[in-house]
>>> print(open('query-v8.cif').read())   # mmCIF, C-alpha atoms and all ligand atoms
data_data
loop_
_atom_site.group_PDB
_atom_site.id
_atom_site.type_symbol
_atom_site.label_atom_id
_atom_site.label_comp_id
_atom_site.auth_asym_id
_atom_site.auth_seq_id
_atom_site.Cartn_x
_atom_site.Cartn_y
_atom_site.Cartn_z
ATOM 1 C CA MET N 1 91.819 24.769 -78.499
ATOM 2 C CA GLU N 2 88.761 26.768 -79.516
ATOM 3 C CA TYR N 3 86.958 25.674 -76.377
ATOM 4 C CA TYR N 4 89.286 27.594 -74.110
ATOM 5 C CA GLU N 5 89.311 30.687 -76.283
ATOM 6 C CA LYS N 6 85.618 31.316 -75.926
ATOM 7 C CA SER N 7 84.284 31.989 -72.516
ATOM 8 C CA TYR N 8 80.699 31.294 -71.628
ATOM 9 C CA PRO N 9 79.289 32.452 -68.335
ATOM 10 C CA LEU N 10 78.294 29.404 -66.371
ATOM 11 C CA VAL N 11 75.132 29.460 -64.331
ATOM 12 C CA LEU N 12 76.749 27.487 -61.523
ATOM 13 C CA PRO N 13 80.254 26.162 -61.213
ATOM 14 C CA LEU N 14 80.612 22.664 -62.635
ATOM 15 C CA ASP N 15 83.897 21.713 -61.131
ATOM 16 C CA GLY N 16 82.739 18.940 -58.856
ATOM 17 C CA ASP N 17 80.551 15.871 -58.883
ATOM 18 C CA VAL N 18 77.005 16.569 -60.024
ATOM 19 C CA ASP N 19 74.242 15.033 -57.961
ATOM 20 C CA HIS N 20 70.476 15.117 -58.512
ATOM 21 C CA ALA N 21 69.908 18.252 -56.430
ATOM 22 C CA LEU N 22 72.524 20.156 -58.430
ATOM 23 C CA VAL N 23 70.913 19.110 -61.730
ATOM 24 C CA GLY N 24 67.596 20.501 -60.466
ATOM 25 C CA GLU N 25 69.181 23.715 -59.224
ATOM 26 C CA TYR N 26 71.156 24.225 -62.429
ATOM 27 C CA ILE N 27 68.166 23.647 -64.707
ATOM 28 C CA GLY N 28 66.046 25.939 -62.539
ATOM 29 C CA VAL N 29 68.498 28.814 -62.972
ATOM 30 C CA LEU N 30 68.817 28.178 -66.714
ATOM 31 C CA LEU N 31 65.026 28.194 -67.119
ATOM 32 C CA SER N 32 64.786 31.522 -65.327
ATOM 33 C CA ARG N 33 67.535 33.043 -67.461
ATOM 34 C CA TYR N 34 66.642 31.790 -70.958
ATOM 35 C CA ASP N 35 62.974 32.005 -71.938
ATOM 36 C CA PHE N 36 63.421 29.838 -75.048
ATOM 37 C CA LEU N 37 64.536 26.888 -72.904
ATOM 38 C CA GLU N 38 61.601 24.672 -71.987
ATOM 39 C CA GLN N 39 61.180 22.017 -69.344
ATOM 40 C CA VAL N 40 59.528 18.733 -70.314
ATOM 41 C CA TYR N 41 57.900 16.492 -67.736
ATOM 42 C CA VAL N 42 59.131 12.929 -68.202
ATOM 43 C CA GLY N 43 58.549 11.164 -64.892
ATOM 44 C CA GLU N 44 60.225 10.153 -61.671
ATOM 45 C CA SER N 45 62.674 7.535 -60.445
ATOM 46 C CA ILE N 46 61.672 4.664 -58.184
ATOM 47 C CA ARG N 47 62.538 6.903 -55.189
ATOM 48 C CA GLY N 48 60.467 9.788 -56.545
ATOM 49 C CA ARG N 49 63.320 11.901 -57.896
ATOM 50 C CA GLU N 50 62.346 13.934 -60.940
ATOM 51 C CA LEU N 51 63.851 12.890 -64.266
ATOM 52 C CA TYR N 52 64.726 16.410 -65.386
ATOM 53 C CA CYS N 53 64.405 17.030 -69.096
ATOM 54 C CA VAL N 54 64.633 20.186 -71.206
ATOM 55 C CA ARG N 55 63.944 21.010 -74.824
ATOM 56 C CA LEU N 56 65.955 23.322 -77.092
ATOM 57 C CA GLY N 57 64.361 23.996 -80.462
ATOM 58 C CA ARG N 58 61.088 24.729 -82.182
ATOM 59 C CA HIS N 59 58.277 22.282 -81.482
ATOM 60 C CA ASP N 60 57.849 21.414 -85.151
ATOM 61 C CA ALA N 61 61.588 20.914 -85.780
ATOM 62 C CA GLN N 62 63.163 17.459 -86.183
ATOM 63 C CA PRO N 63 63.433 15.885 -82.726
ATOM 64 C CA ILE N 64 66.768 14.593 -81.407
ATOM 65 C CA LEU N 65 67.363 13.083 -77.953
ATOM 66 C CA TYR N 66 70.409 13.203 -75.664
ATOM 67 C CA VAL N 67 70.482 11.035 -72.525
ATOM 68 C CA GLY N 68 73.043 10.980 -69.693
ATOM 69 C CA ALA N 69 73.712 8.867 -66.589
ATOM 70 C CA HIS N 70 72.005 5.556 -67.299
ATOM 71 C CA HIS N 71 74.593 4.245 -64.866
ATOM 72 C CA GLY N 72 75.112 5.481 -61.320
ATOM 73 C CA MET N 73 78.855 5.987 -61.306
ATOM 74 C CA GLU N 74 78.779 7.680 -64.742
ATOM 75 C CA HIS N 75 77.510 10.988 -63.334
ATOM 76 C CA LEU N 76 80.181 12.921 -65.228
ATOM 77 C CA THR N 77 77.864 12.570 -68.262
ATOM 78 C CA SER N 78 75.213 14.677 -66.472
ATOM 79 C CA ALA N 79 77.749 17.476 -65.998
ATOM 80 C CA LEU N 80 78.704 17.259 -69.701
ATOM 81 C CA LEU N 81 75.079 17.689 -70.773
ATOM 82 C CA LEU N 82 74.412 20.532 -68.317
ATOM 83 C CA ARG N 83 77.434 22.390 -69.649
ATOM 84 C CA PHE N 84 76.184 21.825 -73.203
ATOM 85 C CA ILE N 85 72.706 23.184 -72.338
ATOM 86 C CA ASN N 86 74.325 26.240 -70.752
ATOM 87 C CA GLU N 87 76.581 26.936 -73.745
ATOM 88 C CA TYR N 88 73.792 26.348 -76.254
ATOM 89 C CA CYS N 89 71.554 28.819 -74.404
ATOM 90 C CA GLU N 90 74.235 31.466 -74.065
ATOM 91 C CA SER N 91 75.301 31.176 -77.686
ATOM 92 C CA MET N 92 71.659 31.311 -78.797
ATOM 93 C CA ARG N 93 71.052 34.423 -76.681
ATOM 94 C CA ARG N 94 73.967 36.154 -78.363
ATOM 95 C CA GLY N 95 72.703 35.145 -81.809
ATOM 96 C CA GLY N 96 76.039 33.503 -82.478
ATOM 97 C CA ARG N 97 77.382 30.547 -84.383
ATOM 98 C CA MET N 98 78.932 27.347 -83.096
ATOM 99 C CA TYR N 99 81.270 25.372 -85.346
ATOM 100 C CA GLY N 100 79.880 27.295 -88.327
ATOM 101 C CA ILE N 101 76.241 26.579 -87.510
ATOM 102 C CA GLY N 102 73.981 29.561 -86.917
ATOM 103 C CA MET N 103 72.291 28.975 -83.563
ATOM 104 C CA ASP N 104 69.038 30.429 -84.950
ATOM 105 C CA TYR N 105 69.164 27.817 -87.705
ATOM 106 C CA LEU N 106 69.868 24.991 -85.245
ATOM 107 C CA PHE N 107 67.002 26.119 -83.003
ATOM 108 C CA ALA N 108 64.568 26.406 -85.933
ATOM 109 C CA GLU N 109 65.483 23.105 -87.592
ATOM 110 C CA ARG N 110 66.236 20.721 -84.726
ATOM 111 C CA CYS N 111 64.488 20.224 -81.422
ATOM 112 C CA ILE N 112 66.945 18.664 -78.961
ATOM 113 C CA TYR N 113 65.460 16.949 -75.905
ATOM 114 C CA ILE N 114 68.088 16.575 -73.187
ATOM 115 C CA LEU N 115 67.723 14.315 -70.174
ATOM 116 C CA PRO N 116 70.981 14.727 -68.243
ATOM 117 C CA MET N 117 70.377 12.160 -65.497
ATOM 118 C CA LEU N 118 68.193 9.136 -66.236
ATOM 119 C CA ASN N 119 69.250 7.273 -63.087
ATOM 120 C CA PRO N 120 69.276 9.800 -60.233
ATOM 121 C CA ASP N 121 68.941 7.122 -57.527
ATOM 122 C CA GLY N 122 71.975 5.261 -58.877
ATOM 123 C CA VAL N 123 73.966 8.507 -59.008
ATOM 124 C CA GLU N 124 72.999 9.334 -55.418
ATOM 125 C CA LEU N 125 74.151 5.865 -54.336
ATOM 126 C CA SER N 126 77.470 6.222 -56.140
ATOM 127 C CA LEU N 127 78.135 9.719 -54.753
ATOM 128 C CA HIS N 128 76.605 9.599 -51.294
ATOM 129 C CA GLY N 129 76.073 5.898 -50.455
ATOM 130 C CA ALA N 130 72.858 4.232 -49.293
ATOM 131 C CA SER N 131 70.569 6.281 -47.103
ATOM 132 C CA THR N 132 69.221 4.580 -44.003
ATOM 133 C CA GLU N 133 65.956 6.398 -44.812
ATOM 134 C CA SER N 134 65.530 4.346 -47.967
ATOM 135 C CA PRO N 135 62.926 1.590 -47.625
ATOM 136 C CA LEU N 136 65.354 -0.462 -49.707
ATOM 137 C CA TYR N 137 68.352 0.169 -47.409
ATOM 138 C CA GLU N 138 68.857 -3.361 -46.100
ATOM 139 C CA ARG N 139 68.266 -4.914 -49.488
ATOM 140 C CA LEU N 140 70.756 -2.469 -51.014
ATOM 141 C CA ILE N 141 73.488 -3.328 -48.526
ATOM 142 C CA LYS N 142 72.886 -7.004 -49.180
ATOM 143 C CA MET N 143 72.915 -6.592 -52.986
ATOM 144 C CA ASN N 144 76.040 -4.461 -52.841
ATOM 145 C CA GLY N 145 77.852 -6.612 -50.297
ATOM 146 C CA GLY N 146 78.833 -3.632 -48.194
ATOM 147 C CA GLU N 147 78.539 0.113 -47.743
ATOM 148 C CA ASP N 148 80.860 1.324 -50.490
ATOM 149 C CA PHE N 149 78.590 2.193 -53.434
ATOM 150 C CA THR N 150 81.173 4.158 -55.435
ATOM 151 C CA SER N 151 81.027 1.703 -58.354
ATOM 152 C CA TRP N 152 77.230 1.253 -58.322
ATOM 153 C CA GLN N 153 75.660 1.276 -61.818
ATOM 154 C CA ALA N 154 72.052 0.071 -61.419
ATOM 155 C CA ASN N 155 68.973 1.873 -60.135
ATOM 156 C CA GLU N 156 67.937 1.551 -56.507
ATOM 157 C CA ARG N 157 66.158 -1.763 -57.146
ATOM 158 C CA GLY N 158 69.373 -3.277 -58.482
ATOM 159 C CA VAL N 159 68.300 -3.205 -62.150
ATOM 160 C CA ASP N 160 70.829 -2.079 -64.738
ATOM 161 C CA LEU N 161 68.714 0.379 -66.735
ATOM 162 C CA ASN N 162 70.745 -0.144 -69.891
ATOM 163 C CA HIS N 163 69.734 -3.821 -69.939
ATOM 164 C CA ASN N 164 66.052 -3.119 -69.232
ATOM 165 C CA TYR N 165 64.918 -2.232 -72.789
ATOM 166 C CA ASP N 166 63.031 -4.639 -75.035
ATOM 167 C CA ALA N 167 65.888 -5.715 -77.288
ATOM 168 C CA GLY N 168 67.029 -9.340 -77.161
ATOM 169 C CA PHE N 169 65.614 -9.444 -73.633
ATOM 170 C CA LEU N 170 64.856 -13.188 -73.552
ATOM 171 C CA GLU N 171 68.212 -14.139 -75.057
ATOM 172 C CA TYR N 172 69.903 -11.985 -72.442
ATOM 173 C CA LYS N 173 67.931 -13.712 -69.689
ATOM 174 C CA SER N 174 69.633 -17.010 -70.523
ATOM 175 C CA ILE N 175 73.087 -15.350 -70.661
ATOM 176 C CA GLU N 176 72.291 -13.720 -67.336
ATOM 177 C CA LYS N 177 71.292 -17.052 -65.824
ATOM 178 C CA GLU N 178 74.447 -18.795 -67.031
ATOM 179 C CA ALA N 179 76.635 -15.986 -65.741
ATOM 180 C CA GLY N 180 74.814 -16.009 -62.393
ATOM 181 C CA ILE N 181 73.850 -12.340 -62.718
ATOM 182 C CA ILE N 182 71.267 -11.289 -60.155
ATOM 183 C CA GLY N 183 69.949 -7.959 -58.909
ATOM 184 C CA GLY N 184 72.812 -5.760 -57.771
ATOM 185 C CA ALA N 185 75.322 -3.137 -58.822
ATOM 186 C CA THR N 186 75.436 -3.985 -62.517
ATOM 187 C CA LYS N 187 74.151 -6.011 -65.472
ATOM 188 C CA TYR N 188 70.844 -7.353 -64.085
ATOM 189 C CA SER N 189 68.103 -6.713 -66.669
ATOM 190 C CA GLY N 190 65.032 -6.692 -64.417
ATOM 191 C CA GLU N 191 61.863 -8.797 -64.439
ATOM 192 C CA TYR N 192 60.606 -7.647 -67.826
ATOM 193 C CA PRO N 193 61.421 -4.892 -70.360
ATOM 194 C CA GLU N 194 60.676 -1.380 -69.081
ATOM 195 C CA SER N 195 59.899 -2.767 -65.608
ATOM 196 C CA GLU N 196 61.660 0.249 -64.067
ATOM 197 C CA PRO N 197 60.004 3.679 -63.840
ATOM 198 C CA GLU N 198 63.110 5.350 -65.308
ATOM 199 C CA THR N 199 63.187 3.276 -68.520
ATOM 200 C CA ALA N 200 59.376 3.256 -68.807
ATOM 201 C CA ALA N 201 59.340 7.061 -68.596
ATOM 202 C CA LEU N 202 62.093 7.436 -71.186
ATOM 203 C CA CYS N 203 60.402 5.004 -73.597
ATOM 204 C CA ARG N 204 57.145 6.949 -73.180
ATOM 205 C CA LEU N 205 58.979 10.146 -74.132
ATOM 206 C CA ILE N 206 60.536 8.407 -77.139
ATOM 207 C CA ARG N 207 57.161 7.042 -78.293
ATOM 208 C CA THR N 208 55.648 10.514 -77.908
ATOM 209 C CA VAL N 209 58.278 12.610 -79.666
ATOM 210 C CA SER N 210 59.677 9.939 -82.025
ATOM 211 C CA PRO N 211 63.251 11.238 -82.241
ATOM 212 C CA GLU N 212 65.209 11.031 -85.488
ATOM 213 C CA MET N 213 68.358 10.148 -83.582
ATOM 214 C CA ILE N 214 69.487 9.371 -80.029
ATOM 215 C CA LEU N 215 72.852 9.994 -78.402
ATOM 216 C CA THR N 216 73.403 8.219 -75.094
ATOM 217 C CA LEU N 217 76.391 9.315 -73.022
ATOM 218 C CA HIS N 218 78.290 6.848 -70.846
ATOM 219 C CA THR N 219 81.815 6.718 -69.421
ATOM 220 C CA GLN N 220 84.413 5.494 -70.282
ATOM 221 C CA GLY N 221 86.546 4.199 -73.189
ATOM 222 C CA GLU N 222 86.597 6.901 -75.928
ATOM 223 C CA GLU N 223 84.417 4.781 -78.193
ATOM 224 C CA ILE N 224 81.252 5.330 -80.225
ATOM 225 C CA PHE N 225 78.952 2.328 -80.669
ATOM 226 C CA TYR N 226 76.728 2.699 -83.709
ATOM 227 C CA THR N 227 75.232 -0.753 -84.321
ATOM 228 C CA SER N 228 73.332 -3.290 -82.351
ATOM 229 C CA GLY N 229 74.569 -6.829 -82.872
ATOM 230 C CA GLY N 230 75.213 -6.170 -86.574
ATOM 231 C CA SER N 231 71.992 -4.318 -87.392
ATOM 232 C CA CYS N 232 72.726 -0.797 -88.474
ATOM 233 C CA PRO N 233 70.395 1.900 -89.850
ATOM 234 C CA ARG N 234 71.417 3.196 -93.289
ATOM 235 C CA LYS N 235 72.842 6.525 -92.130
ATOM 236 C CA SER N 236 74.549 5.278 -88.973
ATOM 237 C CA ARG N 237 77.918 4.326 -90.375
ATOM 238 C CA ARG N 238 78.329 7.664 -92.180
ATOM 239 C CA ILE N 239 77.273 9.698 -89.153
ATOM 240 C CA GLY N 240 79.369 7.518 -86.852
ATOM 241 C CA ARG N 241 82.481 8.122 -88.978
ATOM 242 C CA VAL N 242 81.990 11.888 -88.814
ATOM 243 C CA MET N 243 81.482 11.699 -85.040
ATOM 244 C CA SER N 244 84.612 9.597 -84.735
ATOM 245 C CA GLU N 245 86.617 12.205 -86.677
ATOM 246 C CA MET N 246 85.273 15.048 -84.523
ATOM 247 C CA THR N 247 86.144 13.399 -81.240
ATOM 248 C CA GLY N 248 89.038 11.078 -82.033
ATOM 249 C CA TYR N 249 86.917 8.350 -80.456
ATOM 250 C CA ARG N 250 86.993 4.889 -82.040
ATOM 251 C CA LEU N 251 83.949 3.655 -83.957
ATOM 252 C CA ALA N 252 83.056 0.320 -82.350
ATOM 253 C CA GLU N 253 80.566 -2.552 -82.404
ATOM 254 C CA PRO N 254 79.281 -4.085 -79.189
ATOM 255 C CA ASP N 255 80.123 -7.639 -78.187
ATOM 256 C CA GLY N 256 79.104 -10.044 -75.417
ATOM 257 C CA THR N 257 76.567 -8.820 -72.902
ATOM 258 C CA ALA N 258 76.881 -5.234 -74.161
ATOM 259 C CA ALA N 259 74.676 -5.984 -77.207
ATOM 260 C CA TYR N 260 71.495 -6.773 -75.250
ATOM 261 C CA GLY N 261 68.743 -4.701 -73.762
ATOM 262 C CA GLY N 262 70.375 -1.293 -74.192
ATOM 263 C CA LEU N 263 68.644 1.894 -75.316
ATOM 264 C CA THR N 264 70.682 1.949 -78.526
ATOM 265 C CA ASP N 265 69.743 -1.701 -79.256
ATOM 266 C CA TRP N 266 66.039 -1.086 -78.633
ATOM 267 C CA PHE N 267 65.820 2.166 -80.585
ATOM 268 C CA ILE N 268 67.586 0.703 -83.615
ATOM 269 C CA ALA N 269 65.388 -2.430 -83.543
ATOM 270 C CA GLU N 270 62.142 -0.551 -82.939
ATOM 271 C CA TYR N 271 62.628 2.555 -85.066
ATOM 272 C CA GLY N 272 65.421 1.667 -87.515
ATOM 273 C CA LYS N 273 66.943 5.087 -86.923
ATOM 274 C CA PRO N 274 70.469 6.066 -85.874
ATOM 275 C CA SER N 275 71.357 5.725 -82.227
ATOM 276 C CA PHE N 276 74.783 6.012 -80.671
ATOM 277 C CA THR N 277 76.287 4.991 -77.369
ATOM 278 C CA ILE N 278 79.162 7.330 -76.646
ATOM 279 C CA GLU N 279 81.705 6.190 -74.093
ATOM 280 C CA CYS N 280 83.201 9.503 -72.963
ATOM 281 C CA GLY N 281 86.666 9.879 -71.507
ATOM 282 C CA ARG N 282 89.208 7.292 -70.542
ATOM 283 C CA GLY N 283 90.286 5.958 -67.180
ATOM 284 C CA LYS N 284 88.749 4.089 -64.318
ATOM 285 C CA ASN N 285 85.067 4.698 -63.497
ATOM 286 C CA PRO N 286 83.909 6.788 -61.793
ATOM 287 C CA LEU N 287 86.011 9.294 -63.722
ATOM 288 C CA PRO N 288 87.226 11.975 -61.308
ATOM 289 C CA PRO N 289 85.540 15.376 -61.667
ATOM 290 C CA ASP N 290 88.807 17.026 -62.698
ATOM 291 C CA ASN N 291 88.484 15.065 -65.971
ATOM 292 C CA PHE N 292 85.441 17.167 -66.800
ATOM 293 C CA PHE N 293 86.989 19.925 -68.933
ATOM 294 C CA SER N 294 89.209 17.678 -71.034
ATOM 295 C CA VAL N 295 86.342 15.247 -71.695
ATOM 296 C CA TYR N 296 83.921 18.049 -72.517
ATOM 297 C CA ALA N 297 86.417 19.633 -74.933
ATOM 298 C CA ARG N 298 86.580 16.344 -76.874
ATOM 299 C CA ILE N 299 82.812 15.907 -77.326
ATOM 300 C CA ARG N 300 81.706 19.541 -77.525
ATOM 301 C CA GLU N 301 81.700 19.759 -81.327
ATOM 302 C CA LEU N 302 79.805 16.486 -81.547
ATOM 303 C CA LEU N 303 77.086 17.739 -79.185
ATOM 304 C CA PHE N 304 76.548 20.886 -81.283
ATOM 305 C CA LYS N 305 76.882 19.278 -84.717
ATOM 306 C CA ALA N 306 75.343 15.807 -84.351
ATOM 307 C CA PRO N 307 71.767 17.116 -84.895
ATOM 308 C CA ILE N 308 72.585 18.433 -88.355
ATOM 309 C CA LEU N 309 74.337 15.235 -89.441
ATOM 310 C CA ILE N 310 70.975 13.482 -89.715
HETATM 311 ZN ZN ZN N 401 77.319 3.103 -68.813
#
>>> encode(input="query-v8.cif", output="structure tokens", more="lines below")
Ligand SMILES: [Zn+2]
Amino acid sequence: MEYYEKSYPLVLPLDGDVDHALVGEYIGVLLSRYDFLEQVYVGESIRGRELYCVRLGRHDAQPILYVGAHHGMEHLTSALLLRFINEYCESMRRGGRMYGIGMDYLFAERCIYILPMLNPDGVELSLHGASTESPLYERLIKMNGGEDFTSWQANERGVDLNHNYDAGFLEYKSIEKEAGIIGGATKYSGEYPESEPETAALCRLIRTVSPEMILTLHTQGEEIFYTSGGSCPRKSRRIGRVMSEMTGYRLAEPDGTAAYGGLTDWFIAEYGKPSFTIECGRGKNPLPPDNFFSVYARIRELLFKAPILI
């Protein structure tokens, strides 16, 4: 596999679980090493953790957005995006090519915004459990029904960020009510769209830079969702097929509660542009960190080539 033939010096080892502090440390080292990499201020989580974001590409190039870790226990997606940033930077520094694309060309023609960890508080809960220093500690324990937060998906207020966007929000509220979904580990949409600082900050970024395409990384299932409840931008099916061929992941359409309030649903409805939810890897969430290299090898080509498919 080409991936193992080329070696790229890593800034920090990525062989374990990635928490918020490691994302900050990693990006800090990358910024000091590669002067063409730029940091973008996006905002903070409800607990005041920075939503780290970087930009790779010329300011006037076509904007593309990659987002990881909407869901707490899906922190492997943050590691995947950090590795991609590192490899992009190193390949760019060497003036090389990736999958036939000149890195200079990619940098000049596409500006990729990468937000590796949208839900740092959820990731911290999944990896380290609830902190007694949190003002929300007692509420968290109650919502979770115990101290094991390994499978936690929501943010620290118990809102599932990928149901908090303004897409079919009211319809979802009635589904939520019928299913008895309340604030907790997963699936609760919040009081109103963009009620959470994490989603509000991301939507502000999207409204500011107006990306031509969004890729959102989740785990798991080896599937690529390209529509939202049947609506599908003109180019999406073609791009989705190419992505499916690159990865071996199945092209899929959402059903049930998955079709409401997600970033992909909102972006397609609001902008009519391609947006993809990529379910990386296969297994039981949270995917163990030793899955990292095999999962990264499957989506690596997609991460480098998706921007030029648009
Ligand atoms: Zn997810």
>>> resolve_selection(input="query-v8.cif", expression="the PyMOL selection byres (((chain N and resi 169) around 10) and not hetatm)", output="list in words")
His163, Asn164, Tyr165, Asp166, Ala167, Gly168, Leu170, Glu171, Tyr172, Lys173, Ser174, Ile175, Ser189, Gly190, Glu191, Tyr192, Pro193, Tyr260, Gly261, Gly262 and Trp266 of chain N
>>> closest_residue(input="query-v8.cif", among="N:Ala179, N:Leu205, N:Leu76, N:Ala108", to="ligand ZN 401 (chain N)", atoms="all atoms listed in the file")
N:Leu76
>>> residues_around(input="query-v8.cif", residues="Gly57 of chain N", least_positions_apart="2", cutoff="9 Å", atoms="only C-alpha atoms", output="MDAnalysis selection string")
chainID N and resid 36:38 55 59:63 106:113
>>> closest_atom_pairs(input="query-v8.cif", of="chain N", to="ligand ZN 401 (chain N)", cutoff="8 Å", atoms="all atoms listed in the file", output="Markdown table")
| residue | atom | partner | partner_atom | distance |
| --- | --- | --- | --- | --- |
| N:Ala69 | CA | N:ZN401 | ZN | 7.2 |
| N:His70 | CA | N:ZN401 | ZN | 6.0 |
| N:His71 | CA | N:ZN401 | ZN | 4.9 |
| N:Glu74 | CA | N:ZN401 | ZN | 6.3 |
| N:Gln153 | CA | N:ZN401 | ZN | 7.4 |
| N:Asn162 | CA | N:ZN401 | ZN | 7.4 |
| N:Leu217 | CA | N:ZN401 | ZN | 7.6 |
| N:His218 | CA | N:ZN401 | ZN | 4.4 |
| N:Thr219 | CA | N:ZN401 | ZN | 5.8 |
| N:Gln220 | CA | N:ZN401 | ZN | 7.6 |
| N:Glu279 | CA | N:ZN401 | ZN | 7.5 |
>>> atom_distance(input="query-v8.cif", atom1="atom CA of Tyr34 of chain N", atom2="atom CA of Arg97 of chain N")
17.2 Å
>>> closest_residue(input="query-v8.cif", among="N:Arg94, N:Ile64, N:Ile114, N:Glu212", to="Gln39 of chain N", atoms="all atoms listed in the file")
N:Ile114
>>> resolve_selection(input="query-v8.cif", expression="the PyMOL selection byres (((chain N and resi 267-270) around 8) and not hetatm)", output="MDAnalysis selection string")
chainID N and resid 167 227:228 231:233 263:266 271:275
>>> atom_distance(input="query-v8.cif", atom1="atom CA of Ile310 of chain N", atom2="atom CA of Ser78 of chain N")
23.7 Å
>>> atom_distance(input="query-v8.cif", atom1="atom CA of Phe225 of chain N", atom2="atom CA of Asn291 of chain N")
21.7 Å
>>> resolve_selection(input="query-v8.cif", expression="the PyMOL selection byres (((chain N and resi 134) around 12) and not hetatm)", output="ChimeraX atom specification")
/N:46-48,121,124-125,129-133,135-141,156-157
>>> residues_around(input="query-v8.cif", residues="segment 79-81 of chain N", least_positions_apart="2", cutoff="9 Å", atoms="only C-alpha atoms", output="ChimeraX atom specification")
/N:14-18,23,66-68,75-77,83-86,114-117,217,292-293,295-296,299-300,303
